[in-house]
Amino acid sequence: MRATLNYEIRDFIMEMGGKEAYKCFQCGKCMSTCPWAQIDTVTLPVYRMPQNVKLGISVSSEDKNELAREVEEVFRCVGCEACVSQCPKGVNIPNILRAIRRILGEYGSCPEVLKPVISTLRASGNPLGQPHEKRNEWAKDLEISKFDNQMEFLYFPCCFPCYDTRTQKVAQSTAKVLKKANVLFGILGAEEWCCGEAVRKMGFEKLFTELATSNIIAFQSAGVRKIITTSPHCYNTFKKEYTELLKIPQYTGQQAGEGKDVRPRFEIYHTTQLFDMLIQEGKIIPQKQLNKKVVYHDACNLGRINGIYDEPRKIITSIPGVELIEVPNFSHEYSLCCGGGSGGLWIDWPKEERMANVRVKQAIDAGAEILAVACPYCLQMFEDSVKVMDIELEVKDISELLADALSD
Ligand code: SF4
Ligand code: SF4
């Protein structure tokens, strides 16, 4: 079928952040590093996407079926940035695709399965559709105080650990570790909202800005200076994307005077960074033996996107008895994405197209008894795969492994 040219859409994509497309010289390296290359039944021509944008033939088809196919391709990207890390020209393909998604979002065009997620988020401030006032239910028996400005850290658990019964154990384990180390921390409960990361990646920029603004105001009003996150997605968003928003004068809290920069600053820590520091300082000592072989899965937003590779591994190896194993060729920056980013968590790809299944098989083949993760999305994606594949593999968050290793 002949491509349909549409320069209006092209210019719109450029305006929305797609200008990087001009840097691409079509070497094809991105295609080989994209996790979809590991799925035998899928061909995703990633390297052609910047070119299609430049030529004005991206999401421009007038044929309904062809357009649906193009939209599906655009939403296959899970934002893992494997392509970015290998591109000789530094092209950020997920940003280009986000620009396309923004335009699709304007016309309400996204995979059907994502539409209820967006409306739920809009209505309840979290993607699970849970009552906002129950945001601190995970902590109800743990005697965790509400954050006040005398505390060093705000703990921001992420929506899934707040509401999802399995993932709540991650937030509870985190609290156990922090309490054991006498860290002065609190939570904001119903005063905080979803960080908005997935919403932005799906192309819904306005909703992201609303959520982010609510959080920034809540952090500022409470006097937050340091934030601990369970999710690498919240971590990256607070660290990089909220910082972009803070450059806008209305979010500065007060007017800058005489060249003085009064923007609020939040120091962001992922739990693995803080846990590692606490172990190094001797504030917690893992003592209970765990005689298991563990593969650690580098989450994209923690490893490749933020360079945090060592801390999670140091925590795991501090647990007596653990043998840490690496997956050959797919470790550290080459880690295979779980498939849960940029909306992937909610898209039910056929079994043979699930990246998480490939990753779980890699861990099993490497000899793992436990697949350790440091991200609520990875936890859910891999636990689903283990069930579907009917195999013996425990999936545990590092906070759970660490909390279990501490004396009572
Ligand atoms: S690796 Fe970079 S330059 Fe090469 S085709 Fe992909 S986006 Fe273009
Ligand atoms: S971000 Fe990941 S999934 Fe998206 S195009 Fe790049 S390598 Fe593929």
# chains A, B, ... in the order shown; residues from 1 in each chain; ligands from 1

$ residues_near_ligand --ligand "ligand 1" --cutoff "12 Å" --atoms "only C-alpha atoms and all ligand atoms" --output "PyMOL selection string"
chain A and resi 20-34+45-54+81-97

$ select_by_dssp --residues "range 121-346 of chain A" --states "helix (DSSP H, G or I)" --output "MDAnalysis selection string"
chainID A and resid 121:124 132:134 137:139 159:163 165:180 189:191 197:201 205:222 232:246 249:251 271:280 310:317 332:334 341:346

$ write_last_selection --atoms "C-alpha atoms" --output "mmCIF file, in the first residue's frame"
data_model
loop_
_atom_site.group_PDB
_atom_site.id
_atom_site.type_symbol
_atom_site.label_atom_id
_atom_site.label_comp_id
_atom_site.auth_asym_id
_atom_site.auth_seq_id
_atom_site.Cartn_x
_atom_site.Cartn_y
_atom_site.Cartn_z
ATOM 1 C CA LEU A 121 -6.598 8.111 36.427
ATOM 2 C CA ARG A 122 -8.400 11.299 35.564
ATOM 3 C CA ALA A 123 -11.256 10.446 37.935
ATOM 4 C CA SER A 124 -9.403 8.959 40.906
ATOM 5 C CA HIS A 132 -8.007 8.372 46.964
ATOM 6 C CA GLU A 133 -8.557 8.557 50.724
ATOM 7 C CA LYS A 134 -7.354 4.942 51.023
ATOM 8 C CA GLU A 137 -4.134 1.852 53.810
ATOM 9 C CA TRP A 138 -0.999 -0.209 53.126
ATOM 10 C CA ALA A 139 0.507 1.392 56.250
ATOM 11 C CA CYS A 159 0.223 3.720 43.228
ATOM 12 C CA PHE A 160 0.615 -0.064 43.003
ATOM 13 C CA PRO A 161 2.305 -0.522 46.410
ATOM 14 C CA CYS A 162 -0.404 1.743 47.854
ATOM 15 C CA TYR A 163 -3.363 -0.280 46.622
ATOM 16 C CA THR A 165 -2.420 -6.331 47.745
ATOM 17 C CA ARG A 166 0.661 -8.156 46.386
ATOM 18 C CA THR A 167 2.683 -5.017 45.784
ATOM 19 C CA GLN A 168 1.699 -3.536 49.167
ATOM 20 C CA LYS A 169 4.190 -6.016 50.641
ATOM 21 C CA VAL A 170 6.961 -4.039 48.914
ATOM 22 C CA ALA A 171 5.951 -0.789 50.637
ATOM 23 C CA GLN A 172 5.547 -2.610 53.952
ATOM 24 C CA SER A 173 9.000 -4.211 53.617
ATOM 25 C CA THR A 174 10.487 -0.829 52.751
ATOM 26 C CA ALA A 175 8.948 0.702 55.872
ATOM 27 C CA LYS A 176 10.305 -2.183 57.961
ATOM 28 C CA VAL A 177 13.852 -1.575 56.673
ATOM 29 C CA LEU A 178 13.655 2.198 57.190
ATOM 30 C CA LYS A 179 12.330 1.779 60.723
ATOM 31 C CA LYS A 180 15.013 -0.768 61.584
ATOM 32 C CA GLY A 189 -1.167 9.480 52.016
ATOM 33 C CA ALA A 190 -4.175 11.156 50.383
ATOM 34 C CA GLU A 191 -2.228 14.378 49.800
ATOM 35 C CA GLU A 197 4.881 8.963 34.347
ATOM 36 C CA ALA A 198 2.900 6.354 32.421
ATOM 37 C CA VAL A 199 0.285 8.936 31.449
ATOM 38 C CA ARG A 200 2.934 11.140 29.895
ATOM 39 C CA LYS A 201 4.528 8.239 28.036
ATOM 40 C CA GLU A 205 0.583 15.571 28.535
ATOM 41 C CA LYS A 206 -2.156 17.743 30.050
ATOM 42 C CA LEU A 207 -3.162 15.088 32.574
ATOM 43 C CA PHE A 208 0.511 14.555 33.433
ATOM 44 C CA THR A 209 0.977 18.266 34.106
ATOM 45 C CA GLU A 210 -2.104 18.311 36.357
ATOM 46 C CA LEU A 211 -0.896 15.320 38.405
ATOM 47 C CA ALA A 212 2.664 16.604 38.604
ATOM 48 C CA THR A 213 1.521 20.077 39.640
ATOM 49 C CA SER A 214 -0.645 18.629 42.431
ATOM 50 C CA ASN A 215 2.314 16.614 43.712
ATOM 51 C CA ILE A 216 4.752 19.511 43.504
ATOM 52 C CA ILE A 217 2.360 21.723 45.461
ATOM 53 C CA ALA A 218 1.848 18.946 48.055
ATOM 54 C CA PHE A 219 5.620 18.455 48.428
ATOM 55 C CA GLN A 220 6.250 22.177 48.685
ATOM 56 C CA SER A 221 3.449 22.776 51.205
ATOM 57 C CA ALA A 222 4.687 19.959 53.438
ATOM 58 C CA PRO A 232 12.124 3.689 39.241
ATOM 59 C CA HIS A 233 9.381 5.304 37.135
ATOM 60 C CA CYS A 234 8.514 7.780 39.932
ATOM 61 C CA TYR A 235 12.248 8.223 40.555
ATOM 62 C CA ASN A 236 12.993 9.218 36.963
ATOM 63 C CA THR A 237 9.923 11.414 36.669
ATOM 64 C CA PHE A 238 10.564 13.350 39.881
ATOM 65 C CA LYS A 239 14.229 13.717 39.099
ATOM 66 C CA LYS A 240 14.014 14.766 35.468
ATOM 67 C CA GLU A 241 10.485 15.679 34.435
ATOM 68 C CA TYR A 242 9.305 17.492 37.570
ATOM 69 C CA THR A 243 12.539 19.457 37.411
ATOM 70 C CA GLU A 244 11.528 20.634 33.941
ATOM 71 C CA LEU A 245 8.173 21.764 35.334
ATOM 72 C CA LEU A 246 9.860 23.567 38.214
ATOM 73 C CA PRO A 249 7.658 30.471 37.261
ATOM 74 C CA GLN A 250 4.205 29.486 38.608
ATOM 75 C CA TYR A 251 5.743 26.466 40.342
ATOM 76 C CA THR A 271 15.067 2.711 47.783
ATOM 77 C CA THR A 272 18.050 0.676 46.563
ATOM 78 C CA GLN A 273 20.328 3.732 46.856
ATOM 79 C CA LEU A 274 19.227 4.426 50.409
ATOM 80 C CA PHE A 275 19.291 0.758 51.482
ATOM 81 C CA ASP A 276 22.837 0.432 50.168
ATOM 82 C CA MET A 277 23.890 3.558 52.104
ATOM 83 C CA LEU A 278 22.293 2.194 55.283
ATOM 84 C CA ILE A 279 24.164 -1.110 54.897
ATOM 85 C CA GLN A 280 27.484 0.683 54.210
ATOM 86 C CA ASP A 310 25.730 -1.518 41.631
ATOM 87 C CA GLU A 311 23.543 -0.608 44.596
ATOM 88 C CA PRO A 312 20.895 -3.301 44.025
ATOM 89 C CA ARG A 313 23.609 -5.926 43.540
ATOM 90 C CA LYS A 314 25.455 -4.821 46.695
ATOM 91 C CA ILE A 315 22.242 -5.192 48.722
ATOM 92 C CA ILE A 316 21.617 -8.687 47.368
ATOM 93 C CA THR A 317 25.171 -9.883 48.027
ATOM 94 C CA HIS A 332 23.301 -4.272 33.195
ATOM 95 C CA GLU A 333 22.721 -1.922 30.207
ATOM 96 C CA TYR A 334 21.750 -4.902 28.031
ATOM 97 C CA GLY A 341 6.610 0.672 30.608
ATOM 98 C CA SER A 342 4.788 3.371 28.604
ATOM 99 C CA GLY A 343 1.399 1.695 29.025
ATOM 100 C CA GLY A 344 2.679 -1.839 28.316
ATOM 101 C CA LEU A 345 1.524 -2.975 31.751
ATOM 102 C CA TRP A 346 -2.090 -2.669 30.622
#

$ residues_around --residues "Ile103 in chain A" --least-positions-apart "3" --cutoff "10 Å" --atoms "only C-alpha atoms" --output "list in words"
Ile9, Phe12, Ile13, Met16, Val59, Leu97, Arg98, Ala99, Ile100, Glu106, Tyr107, Gly108, Ser109, Gly203 and Phe204 of chain A

$ residues_around --residues "Val295 in chain A" --least-positions-apart "3" --cutoff "9 Å" --atoms "only C-alpha atoms" --output "list in words"
Glu323, Leu324, Ile325, Glu326, Val327, Ala363, Ile364, Ala366, Gly367, Ala368, Glu369, Ile370, Leu371, Ala372 and Val373 of chain A

$ residues_around --residues "Pro286 in chain A" --least-positions-apart "2" --cutoff "9 Å" --atoms "only C-alpha atoms" --output "number ranges by chain"
A: 279, 284, 288-289, 315, 318-320, 402-407

$ closest_residue --among "A:Ala181, A:Asp365, A:Met14, A:Asp164" --to "Gln380 in chain A" --atoms "only C-alpha atoms"
A:Asp164

$ residues_around --residues "Met151 in chain A" --least-positions-apart "5" --cutoff "8 Å" --atoms "only C-alpha atoms" --output "list in words"
Leu184, Phe185 and Gly186 of chain A

$ atom_distance --atom1 "CA of Cys195 in chain A" --atom2 "CA of Asp148 in chain A"
20.2 Å

$ closest_residue --among "A:Pro376, A:Pro328, A:Gly105, A:Gly339" --to "ligand 2" --atoms "only C-alpha atoms and all ligand atoms"
A:Gly339

$ closest_residue --among "A:Glu353, A:Glu66, A:Glu73, A:Glu143" --to "ligand 2" --atoms "only C-alpha atoms and all ligand atoms"
A:Glu73

$ atom_distance --atom1 "CA of Lys140 in chain A" --atom2 "CA of Ile118 in chain A"
28.2 Å

$ atom_distance --atom1 "CA of Lys247 in chain A" --atom2 "CA of Phe266 in chain A"
13.2 Å

$ residues_around --residues "Ile227 in chain A" --least-positions-apart "5" --cutoff "8 Å" --atoms "only C-alpha atoms" --output "list in words"
Phe153, Leu154, Tyr155, Phe156, Phe266, Glu267, Ile268 and Tyr269 of chain A

$ closest_residue --among "A:Ile39, A:Val78, A:Leu290, A:Leu44" --to "ligand 2" --atoms "only C-alpha atoms and all ligand atoms"
A:Val78

$ select_by_dssp --residues "range 157-338 of chain A" --states "strand (DSSP E or B)" --output "ChimeraX atom specification"
/A:185-187,226-229,267-270,293-296,323-325

$ write_last_selection --atoms "C-alpha atoms" --output "PDB file, in the first residue's frame"
ATOM      1  CA  PHE A 185      10.534   9.418  57.383  1.00  0.00           C
ATOM      2  CA  GLY A 186       6.835  10.006  56.850  1.00  0.00           C
ATOM      3  CA  ILE A 187       4.149   9.596  54.183  1.00  0.00           C
ATOM      4  CA  LYS A 226      14.246  14.490  50.192  1.00  0.00           C
ATOM      5  CA  ILE A 227      12.045  11.830  48.590  1.00  0.00           C
ATOM      6  CA  ILE A 228      12.493   8.059  48.621  1.00  0.00           C
ATOM      7  CA  THR A 229      10.716   6.183  45.814  1.00  0.00           C
ATOM      8  CA  GLU A 267      16.659  15.261  46.332  1.00  0.00           C
ATOM      9  CA  ILE A 268      15.393  11.968  44.970  1.00  0.00           C
ATOM     10  CA  TYR A 269      16.560   8.560  46.168  1.00  0.00           C
ATOM     11  CA  HIS A 270      15.513   5.180  44.912  1.00  0.00           C
ATOM     12  CA  LYS A 293      20.621 -18.441  43.503  1.00  0.00           C
ATOM     13  CA  VAL A 294      19.367 -14.984  42.605  1.00  0.00           C
ATOM     14  CA  VAL A 295      19.254 -13.194  39.250  1.00  0.00           C
ATOM     15  CA  TYR A 296      18.800  -9.441  39.572  1.00  0.00           C
ATOM     16  CA  GLU A 323      24.629 -16.489  45.118  1.00  0.00           C
ATOM     17  CA  LEU A 324      24.145 -13.644  42.629  1.00  0.00           C
ATOM     18  CA  ILE A 325      24.043 -14.781  38.996  1.00  0.00           C
TER      19      ILE A 325
END
